Amino acid sequence: MKNIWAICKKEIKSYFTSPIAYVAIFVFLVLVGFFFHSLILWFNTQSMQMAQNPYYLQQMNINQMVFSPLFHNISIILLLMIPLLTMRLFSEEKKMKTDELLYTSPISINQIILGKYFASLFVLLVMLLLTGILSLLTFAYGNPELKPILIGYLGLFLMGAAFMAVGIFFSSVTENQIVAAVLTFGSLLLFWILNWASSSAGGIWREILNYVSFFQHFDDMTKGILDTTDLVYYISFIFLGLFLTHSVIQSRKWR
Amino acid sequence: MIEVEHLFKKYGDLLAVHDLSFSVEKGQIWGLLGPNAAGKTTTMRILTGYIPATDGKAKVAGYDVFEHPNKVKRITGYLPENVPLYPEMTVQSFLHFVAEIKQIPSTKRKEAVEKAISISSLKSVRGRLIKNISRGFKQRVGIAQALIHDPQVLILDEPTIGLDPAQIIEIRQLIKTLKGDRTIILSTHILAEVTQTCDGVVIINEGKLMASGSLEELTASLQQKYGVFIKLRDGGKGKVEHFENISGVDKVSMKDDGYDIEWTKGEDKRDDLTRYIVERGWGLLEMRPLSLNIEDLYLRVITGGTEQ
């Protein structure tokens, strides 16, 4: 645990002593703020229009009309940004030859991977927590339901964590950061849109494609539905990503 | 302290290390000598547990590096050829990080960092970012990270490469002071480095052991000429016959602006020779043994392949 923490601290410092984390968080917040603003404006005008009709006004739900689409928007931003946050984790060590220091120190490969992974999760957590301010604003001026929002955030965090596990894997494959980012982005996008293919596929394939796709599992959670299948899906995805990373690093020894 | 037995390393079809065996006693500095791509770095990487060998055994302090890698890593300090540094860190925070991953307990970490800084004379740059310090200081930080956990064994891959002459002398001095009861292996292709810092040498070429032993042993085994080189004040010529007349002298030849005077192994004609010259008032300016220097030794081993 101590070793994981040592690596994690070093990575967090490296995120925050270089401009990487600041730029990423800044751009992320600007985009999220823009989407939030647009959604609130739209919700506002809708409310105005519905104000004449008490029945429809009852149907207006800020959770469904603002938060659910907001979470979808955030997930797309994460899809674009996470490859850039994970690309250097291992590839830079390889390129700068600093991996030689890590692998000749009395710490295990697992500890190195987990340390780096937790550091990237920390950046994700900071990004998501900062967007929490926007949600707090809605509580000040309206009365949204808390539980679906929390579940939505959990969904975002789990999905971001799964993205990062993919990112860390591709970072361990190459010493070129751009290659790592492109591979990560490509495969994330593929997993995202797999469910498009499911509509034309039939039978068992439809179910498999739907299950494997990120989208299906995330969609439930943005609506505030917490299902153990979704949790299992994300956790296994993370586990698989980290396991593959471990295999790649281990195999380096036998080449 | 360090034992290597029949070590092999293959990279695909390339045989980088081929049946290499040698051993280094505790408290000695040994040089790993060889041309580029001889397998020096590969051997060191195997000893530090960075890569496994294809076959053979390597032991450090009695521990097999393949069976107990963590035990070996705890007592070994390693300076790779490309010094592993994080440019965005300060010297001090980098050393602190290394102290953490080398398992120095938190209560002793600060002390260890201070000690490493003072041994490697890094006080003046401790707060600076590594990317902003000079090559010489970077090399020192590399040495500091290798010895921060007070290892019994130090493995230094080309510790003086890319430094200016003054820095090279400083680093060599530093390595000598580190000796104490530590065992040090350093690789180099600078021959003078070996004579100045090492107790023994392992010469390898194309992954194969060409020779190993203490410098004296090696020189003695390869030496073929015994005698002296002398230089006289008048630079005088035509004295070859005079010297040949001294009993026991086998061969006299003019060389540069003096004479090489040879005799058979076991005899020593220096007294007779000196007396002869002084009596005749020729003015003896210089007299030195005709020994095999490290360059001769190296070239003879690498090209002639005299195995020991």
# chains A, B, ... in the order shown; residues from 1 in each chain; ligands from 1
>>> residues_around(residues="Lys131 (chain B)", least_positions_apart="2", cutoff="6 Å", atoms="only C-alpha atoms", output="count of residues only")
3
>>> residues_around(residues="Lys123 (chain B)", least_positions_apart="3", cutoff="12 Å", atoms="only C-alpha atoms", output="ChimeraX atom specification")
/B:91-92,113-120,126-128,137,140-141,144
>>> closest_atom_pairs(of="chain B", to="chain A", cutoff="6 Å", atoms="only C-alpha atoms", output="Markdown table")
| residue | atom | partner | partner_atom | distance |
| --- | --- | --- | --- | --- |
| B:Tyr50 | CA | A:Thr104 | CA | 5.5 |
| B:Ile51 | CA | A:Lys253 | CA | 5.3 |
| B:Asn70 | CA | A:Pro106 | CA | 4.9 |
| B:Lys73 | CA | A:Pro106 | CA | 5.4 |
| B:Arg74 | CA | A:Pro106 | CA | 5.9 |
| B:Pro84 | CA | A:Thr98 | CA | 4.3 |
| B:Lys102 | CA | A:Ser105 | CA | 5.8 |
>>> select_by_dssp(residues="region 178-230 of chain B", states="alpha helix (DSSP H)", output="PyMOL selection string")
chain B and resi 178+191-197+215-222
>>> select_by_dssp(residues="region 6-131 of chain B", states="strand (DSSP E or B)", output="count of residues only")
36
>>> residues_around(residues="region 57-62 of chain A", least_positions_apart="2", cutoff="10 Å", atoms="only C-alpha atoms", output="MDAnalysis selection string")
chainID A and resid 39:40 43:44 46:55 64:68 138 142:145
>>> write_last_selection(atoms="C-alpha atoms", output="JSON list (two decimals), in the first residue's frame")
[["chain", "number", "residue", "atom", "x", "y", "z"],
["A", 39, "LEU", "CA", -29.72, 23.05, -20.95],
["A", 40, "ILE", "CA", -30.86, 25.35, -18.13],
["A", 43, "PHE", "CA", -35.45, 24.14, -19.47],
["A", 44, "ASN", "CA", -36.33, 27.69, -18.49],
["A", 46, "GLN", "CA", -39.91, 25.19, -21.62],
["A", 47, "SER", "CA", -41.06, 25.96, -18.08],
["A", 48, "MET", "CA", -42.31, 29.38, -19.18],
["A", 49, "GLN", "CA", -44.33, 27.83, -21.98],
["A", 50, "MET", "CA", -45.74, 25.12, -19.74],
["A", 51, "ALA", "CA", -46.60, 27.61, -17.04],
["A", 52, "GLN", "CA", -50.01, 28.12, -18.71],
["A", 53, "ASN", "CA", -50.83, 24.45, -18.30],
["A", 54, "PRO", "CA", -50.63, 23.10, -14.72],
["A", 55, "TYR", "CA", -50.81, 19.48, -15.94],
["A", 64, "GLN", "CA", -34.68, 14.22, -16.69],
["A", 65, "MET", "CA", -34.51, 17.39, -18.73],
["A", 66, "VAL", "CA", -31.22, 18.86, -17.49],
["A", 67, "PHE", "CA", -29.14, 16.31, -15.63],
["A", 68, "SER", "CA", -29.69, 13.26, -17.79],
["A", 138, "THR", "CA", -29.85, 23.94, -9.22],
["A", 142, "GLY", "CA", -35.03, 24.57, -7.78],
["A", 143, "ASN", "CA", -35.79, 21.28, -6.19],
["A", 144, "PRO", "CA", -34.17, 18.44, -8.12],
["A", 145, "GLU", "CA", -33.96, 14.94, -6.67]]
>>> residues_around(residues="region 171-183 of chain A", least_positions_apart="2", cutoff="7 Å", atoms="only C-alpha atoms", output="PyMOL selection string")
chain A and resi 83-84+86-92+94-95+167-169+185-187+245+248-249
>>> closest_residue(among="B:Val252, B:Ile143, B:Ile246, B:Val83", to="Leu273 (chain B)", atoms="only C-alpha atoms")
B:Ile246
>>> residues_around(residues="Phe35 (chain A)", least_positions_apart="2", cutoff="12 Å", atoms="only C-alpha atoms", output="MDAnalysis selection string")
chainID A and resid 28:33 37:42 66:77 131 134
>>> atom_distance(atom1="CA of Met159 (chain A)", atom2="CA of Ile204 (chain A)")
24.6 Å
>>> closest_residue(among="B:Asp55, B:Glu279, B:Glu81, B:Glu262", to="Ala16 (chain B)", atoms="only C-alpha atoms")
B:Asp55
>>> residues_around(residues="Gly56 (chain B)", least_positions_apart="2", cutoff="8 Å", atoms="only C-alpha atoms", output="tab-separated table (two decimals) with C-alpha atoms, in the first residue's frame")
chain	number	residue	atom	x	y	z
B	4	VAL	CA	27.76	-14.81	-12.58
B	5	GLU	CA	27.73	-18.34	-13.91
B	6	HIS	CA	27.25	-19.35	-17.53
B	7	LEU	CA	24.97	-16.47	-18.29
B	8	PHE	CA	23.18	-16.29	-21.64
B	19	ASP	CA	28.28	-18.05	-21.58
B	53	ALA	CA	18.64	-13.98	-18.45
B	54	THR	CA	17.81	-16.61	-21.03
B	58	ALA	CA	23.49	-14.59	-11.36
>>> residues_around(residues="Phe229 (chain B)", least_positions_apart="2", cutoff="8 Å", atoms="only C-alpha atoms", output="list of chain:residue names")
B:Gly227, B:Lys231, B:Gly258, B:Tyr259, B:Asp260, B:Ile261, B:Glu286, B:Met287, B:Arg288, B:Pro289, B:Leu290
>>> write_last_selection(atoms="N, CA, C and O atoms", output="PDB file, in the first residue's frame")
ATOM      1  N   GLY B 227      61.970  -5.664 -18.830  1.00  0.00           N
ATOM      2  CA  GLY B 227      63.117  -4.801 -19.019  1.00  0.00           C
ATOM      3  C   GLY B 227      62.762  -3.360 -18.704  1.00  0.00           C
ATOM      4  O   GLY B 227      61.794  -3.098 -18.004  1.00  0.00           O
ATOM      5  N   LYS B 231      66.378   6.788 -20.866  1.00  0.00           N
ATOM      6  CA  LYS B 231      66.592   7.973 -21.672  1.00  0.00           C
ATOM      7  C   LYS B 231      67.843   8.654 -21.117  1.00  0.00           C
ATOM      8  O   LYS B 231      67.967   8.788 -19.891  1.00  0.00           O
ATOM      9  N   GLY B 258      65.172   7.085 -26.790  1.00  0.00           N
ATOM     10  CA  GLY B 258      65.838   6.324 -25.725  1.00  0.00           C
ATOM     11  C   GLY B 258      66.044   4.894 -26.170  1.00  0.00           C
ATOM     12  O   GLY B 258      66.035   4.598 -27.370  1.00  0.00           O
ATOM     13  N   TYR B 259      66.225   4.030 -25.210  1.00  0.00           N
ATOM     14  CA  TYR B 259      66.486   2.628 -25.529  1.00  0.00           C
ATOM     15  C   TYR B 259      65.539   1.712 -24.770  1.00  0.00           C
ATOM     16  O   TYR B 259      65.241   1.958 -23.601  1.00  0.00           O
ATOM     17  N   ASP B 260      65.102   0.666 -25.441  1.00  0.00           N
ATOM     18  CA  ASP B 260      64.403  -0.416 -24.743  1.00  0.00           C
ATOM     19  C   ASP B 260      65.434  -1.482 -24.468  1.00  0.00           C
ATOM     20  O   ASP B 260      66.097  -1.977 -25.387  1.00  0.00           O
ATOM     21  N   ILE B 261      65.579  -1.802 -23.199  1.00  0.00           N
ATOM     22  CA  ILE B 261      66.568  -2.818 -22.843  1.00  0.00           C
ATOM     23  C   ILE B 261      65.829  -3.985 -22.208  1.00  0.00           C
ATOM     24  O   ILE B 261      65.128  -3.815 -21.212  1.00  0.00           O
ATOM     25  N   GLU B 286      65.819   9.150 -17.361  1.00  0.00           N
ATOM     26  CA  GLU B 286      64.566   8.446 -17.123  1.00  0.00           C
ATOM     27  C   GLU B 286      64.793   6.946 -17.209  1.00  0.00           C
ATOM     28  O   GLU B 286      65.577   6.469 -18.032  1.00  0.00           O
ATOM     29  N   MET B 287      64.121   6.218 -16.333  1.00  0.00           N
ATOM     30  CA  MET B 287      64.168   4.767 -16.423  1.00  0.00           C
ATOM     31  C   MET B 287      62.821   4.242 -15.948  1.00  0.00           C
ATOM     32  O   MET B 287      62.397   4.537 -14.837  1.00  0.00           O
ATOM     33  N   ARG B 288      62.108   3.555 -16.854  1.00  0.00           N
ATOM     34  CA  ARG B 288      60.827   2.995 -16.396  1.00  0.00           C
ATOM     35  C   ARG B 288      60.634   1.582 -16.933  1.00  0.00           C
ATOM     36  O   ARG B 288      61.158   1.256 -17.998  1.00  0.00           O
ATOM     37  N   PRO B 289      59.924   0.751 -16.149  1.00  0.00           N
ATOM     38  CA  PRO B 289      59.762  -0.630 -16.581  1.00  0.00           C
ATOM     39  C   PRO B 289      58.946  -0.723 -17.867  1.00  0.00           C
ATOM     40  O   PRO B 289      58.050   0.092 -18.104  1.00  0.00           O
ATOM     41  N   LEU B 290      59.280  -1.700 -18.673  1.00  0.00           N
ATOM     42  CA  LEU B 290      58.522  -1.934 -19.907  1.00  0.00           C
ATOM     43  C   LEU B 290      57.282  -2.741 -19.538  1.00  0.00           C
ATOM     44  O   LEU B 290      57.265  -3.945 -19.676  1.00  0.00           O
TER      45      LEU B 290
END
>>> closest_residue(among="B:Lys225, B:His68, B:Lys179, B:Arg280", to="Lys251 (chain B)", atoms="only C-alpha atoms")
B:Lys225
>>> atom_distance(atom1="CA of Arg172 (chain B)", atom2="CA of Thr160 (chain B)")
7.7 Å
>>> closest_residue(among="B:Thr41, B:Gln139, B:Thr90, B:Gln152", to="Val72 (chain B)", atoms="only C-alpha atoms")
B:Gln152
>>> atom_distance(atom1="CA of Gly241 (chain A)", atom2="CA of Phe16 (chain A)")
24.6 Å
>>> closest_residue(among="A:Gly160, A:Pro19, A:Gly155, A:Gly202", to="Leu231 (chain A)", atoms="only C-alpha atoms")
A:Gly155
